[in-house]
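To keep things clear, I will list the structure first and then write my remarks on it.
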Amino acid sequence: MSAVLSHAPVSATAIALDDDAAPQPFDIRPVAGAAGPLGAEVVGLDLSRPLGAQDFDRIHRAHLAHHVLVFRDQRITPRQHIDFSRRFGPLQIHVLKNFQLADHPEILIVSNIKDAGGQPIGLGDAGHYWHSDLSYKEKPSLGSLLHAQELPSEGGDTLFADQHAAYDALPQALKNAIAPLQAEHSYLAKYEELRARSPWRPKLTQAQIDEVAPAVHPVVRTHPETGRKALFVSEHFTTRLVGLPDDESRALLDELFAASVRPEFLYRHRWLPHDLVFWDNRSVMHLAAGTPDSERRKLYRTTVEGDLPF
């Protein structure tokens, strides 16, 4: 089972009071260079202020339409980050608890920075392969919210791939072939490979391994709010197609992996200071483009629990 933190009483109270807040003036507009409807930026909204029901509804609808929202210039505290995230559902806690923000277990530190003793302060190689966050859980993530704390002067971009568009573009014969299929997702699929590349990545305990037992999900999932179909496999976590011989499974997965990240389905996010990016893990995959070892990068991530895929 995934570790989930439900609404704490203090946060729930703050959220309830926010519903009466006056609307804020802000714009939602497509980001430059995005493919189709993928990606929009929210400009003028201040998430450090109470967010009323009207504004929240507008954000929710934009998130469903664009799959990736970029909230510009958000000078918010970790608690405000957590409280906004909880507006969308309970929060999931990452298995690598040594990279939690102190006093805020809901936040995973994504960073290549090392402390004075040479130890990493965060998960430095997060997003090395295309993936949807926590797809290896019984209830994968609804969405992730990543807030920039310290950005490199070069590198550090994040790429997003629209999995609705990827599915829609498949030949009908391939859609028919994958419609009944299910795939296994495992957190361990690339873990030792990543440890070999980054020796600081910790060896998992048996308790951690038990926490991330593999899950089986449909290859094509239906978005629970919009009803749109999307591919739901990734090179990072998907290990096999259930019921197929290994060679057929691998060949078909490789075909789907390639089809899911064609250039026309992508948005490349170039981070600006204090960006908060909220993406829908039911609709997109993402990839970290990489940061030079000489550059420092630190971001805080929350992850919202989703539904059982169908």
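All residue names refer to the structure tokens as shown: chains lettered A, B, ... in order, residues numbered from 1 in each chain, ligands numbered from 1 in order.
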
### Message
So that I can check the secondary structure, give me every residue of range 58-256 of chain A assigned helix (DSSP H, G or I) by backbone DSSP, as a VMD selection string.
### Response
chain A and resid 58 to 66 78 to 86 97 to 99 163 to 168 172 to 178 191 to 197 206 to 211 246 to 256

### Query
When DSSP works through the backbone of this structure, what residues of range 51-220 of chain A end up as strand (DSSP E or B), shown as a ChimeraX atom specification?
/A:68-71,91-92,100-101,104-111,114,120,131,141-150,158-162,182-185,215-218,220

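Residues in contact range of Leu188 in chain A, defined as at most 9 Å between only C-alpha atoms, with sequence neighbours fewer than 4 positions away removed, read A:Glu192, A:Ile209, A:Val212, A:Ala213, A:Pro214, A:Phe237.
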
### Query
Could you pull the residues within 9 Å of Tyr167 in chain A, counting only C-alpha atoms, minus those fewer than 5 positions along the same chain, as a VMD selection string?
chain A and resid 162 175 220 229 to 231 259 to 260

For all heavy atoms, I'd like the residues from the last selection saved as a PDB file, in the first residue's frame.
ATOM      1  N   ASP A 162       2.347  14.390 -24.096  1.00  0.00           N
ATOM      2  CA  ASP A 162       0.890  14.254 -24.019  1.00  0.00           C
ATOM      3  C   ASP A 162       0.493  12.837 -24.429  1.00  0.00           C
ATOM      4  O   ASP A 162       0.589  12.460 -25.597  1.00  0.00           O
ATOM      5  CB  ASP A 162       0.253  15.284 -24.951  1.00  0.00           C
ATOM      6  CG  ASP A 162      -1.260  15.327 -24.849  1.00  0.00           C
ATOM      7  OD1 ASP A 162      -1.867  14.337 -24.383  1.00  0.00           O
ATOM      8  OD2 ASP A 162      -1.843  16.351 -25.254  1.00  0.00           O
ATOM      9  N   LYS A 175      -4.383   0.194 -31.791  1.00  0.00           N
ATOM     10  CA  LYS A 175      -5.334   0.486 -30.711  1.00  0.00           C
ATOM     11  C   LYS A 175      -6.140  -0.756 -30.352  1.00  0.00           C
ATOM     12  O   LYS A 175      -6.346  -1.062 -29.167  1.00  0.00           O
ATOM     13  CB  LYS A 175      -6.286   1.611 -31.134  1.00  0.00           C
ATOM     14  CG  LYS A 175      -5.663   2.990 -31.208  1.00  0.00           C
ATOM     15  CD  LYS A 175      -6.737   4.006 -31.609  1.00  0.00           C
ATOM     16  CE  LYS A 175      -6.174   5.404 -31.703  1.00  0.00           C
ATOM     17  NZ  LYS A 175      -7.188   6.395 -32.134  1.00  0.00           N
ATOM     18  N   VAL A 220      -4.006   1.069 -21.790  1.00  0.00           N
ATOM     19  CA  VAL A 220      -4.747   2.279 -22.165  1.00  0.00           C
ATOM     20  C   VAL A 220      -5.675   2.614 -21.001  1.00  0.00           C
ATOM     21  O   VAL A 220      -6.565   1.824 -20.674  1.00  0.00           O
ATOM     22  CB  VAL A 220      -5.569   2.065 -23.449  1.00  0.00           C
ATOM     23  CG1 VAL A 220      -6.334   3.341 -23.803  1.00  0.00           C
ATOM     24  CG2 VAL A 220      -4.661   1.637 -24.596  1.00  0.00           C
ATOM     25  N   LYS A 229      -8.978   8.745 -23.442  1.00  0.00           N
ATOM     26  CA  LYS A 229      -8.056   7.618 -23.339  1.00  0.00           C
ATOM     27  C   LYS A 229      -6.616   8.103 -23.494  1.00  0.00           C
ATOM     28  O   LYS A 229      -6.346   9.057 -24.223  1.00  0.00           O
ATOM     29  CB  LYS A 229      -8.385   6.556 -24.381  1.00  0.00           C
ATOM     30  CG  LYS A 229      -9.740   5.881 -24.180  1.00  0.00           C
ATOM     31  CD  LYS A 229      -9.950   4.764 -25.175  1.00  0.00           C
ATOM     32  CE  LYS A 229     -11.322   4.121 -24.991  1.00  0.00           C
ATOM     33  NZ  LYS A 229     -11.468   3.531 -23.641  1.00  0.00           N
ATOM     34  N   ALA A 230      -5.701   7.420 -22.804  1.00  0.00           N
ATOM     35  CA  ALA A 230      -4.284   7.765 -22.865  1.00  0.00           C
ATOM     36  C   ALA A 230      -3.450   6.497 -22.746  1.00  0.00           C
ATOM     37  O   ALA A 230      -3.859   5.532 -22.089  1.00  0.00           O
ATOM     38  CB  ALA A 230      -3.915   8.727 -21.736  1.00  0.00           C
ATOM     39  N   LEU A 231      -2.287   6.516 -23.366  1.00  0.00           N
ATOM     40  CA  LEU A 231      -1.325   5.437 -23.128  1.00  0.00           C
ATOM     41  C   LEU A 231      -0.844   5.524 -21.682  1.00  0.00           C
ATOM     42  O   LEU A 231      -0.660   6.622 -21.143  1.00  0.00           O
ATOM     43  CB  LEU A 231      -0.133   5.568 -24.068  1.00  0.00           C
ATOM     44  CG  LEU A 231      -0.343   5.140 -25.517  1.00  0.00           C
ATOM     45  CD1 LEU A 231       0.928   5.394 -26.337  1.00  0.00           C
ATOM     46  CD2 LEU A 231      -0.731   3.665 -25.589  1.00  0.00           C
ATOM     47  N   ALA A 259       6.270   5.511 -29.679  1.00  0.00           N
ATOM     48  CA  ALA A 259       5.084   6.251 -30.127  1.00  0.00           C
ATOM     49  C   ALA A 259       4.646   7.294 -29.108  1.00  0.00           C
ATOM     50  O   ALA A 259       4.010   8.290 -29.471  1.00  0.00           O
ATOM     51  CB  ALA A 259       3.939   5.278 -30.386  1.00  0.00           C
ATOM     52  N   SER A 260       4.982   7.100 -27.851  1.00  0.00           N
ATOM     53  CA  SER A 260       4.471   7.967 -26.788  1.00  0.00           C
ATOM     54  C   SER A 260       5.232   9.279 -26.653  1.00  0.00           C
ATOM     55  O   SER A 260       4.744  10.218 -26.009  1.00  0.00           O
ATOM     56  CB  SER A 260       4.500   7.230 -25.451  1.00  0.00           C
ATOM     57  OG  SER A 260       5.825   6.954 -25.050  1.00  0.00           O
TER      58      SER A 260
END

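With only C-alpha atoms as the atoms that count, the minimum distance from Arg268 in chain A to the choices A:Asp103, A:Asp157, A:Asp83, A:Asp210 is reached by A:Asp157.
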
### Query
CA of Pro152 in chain A and CA of Glu295 in chain A, how far apart in Å?
5.2 Å

### Task
For Asp20 in chain A, please output as number ranges by chain all residues within 12 Å (counting only C-alpha atoms; exclusion window: fewer than 6 positions along the same chain).
A: 14, 50-56

### Leu174 in chain A environment, 10 Å, only C-alpha atoms, sequence neighbours closer than 5 positions dropped, as a list in words
Tyr167, Ala179, Leu252, Glu255 and Leu256 of chain A

### Query
Near Arg221 in chain A, counting only C-alpha atoms, which residues have an atom at most 12 Å away, once you skip same-chain residues fewer than 2 positions from it, shown as a ChimeraX atom specification?
/A:135,140,163-164,167,178-183,216-219,223-233,281-284,307-310

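Distances to Pro273 in chain A were evaluated for A:Arg72, A:Lys137, A:His81, A:Arg58 using only C-alpha atoms, and the minimum falls at A:Arg72.
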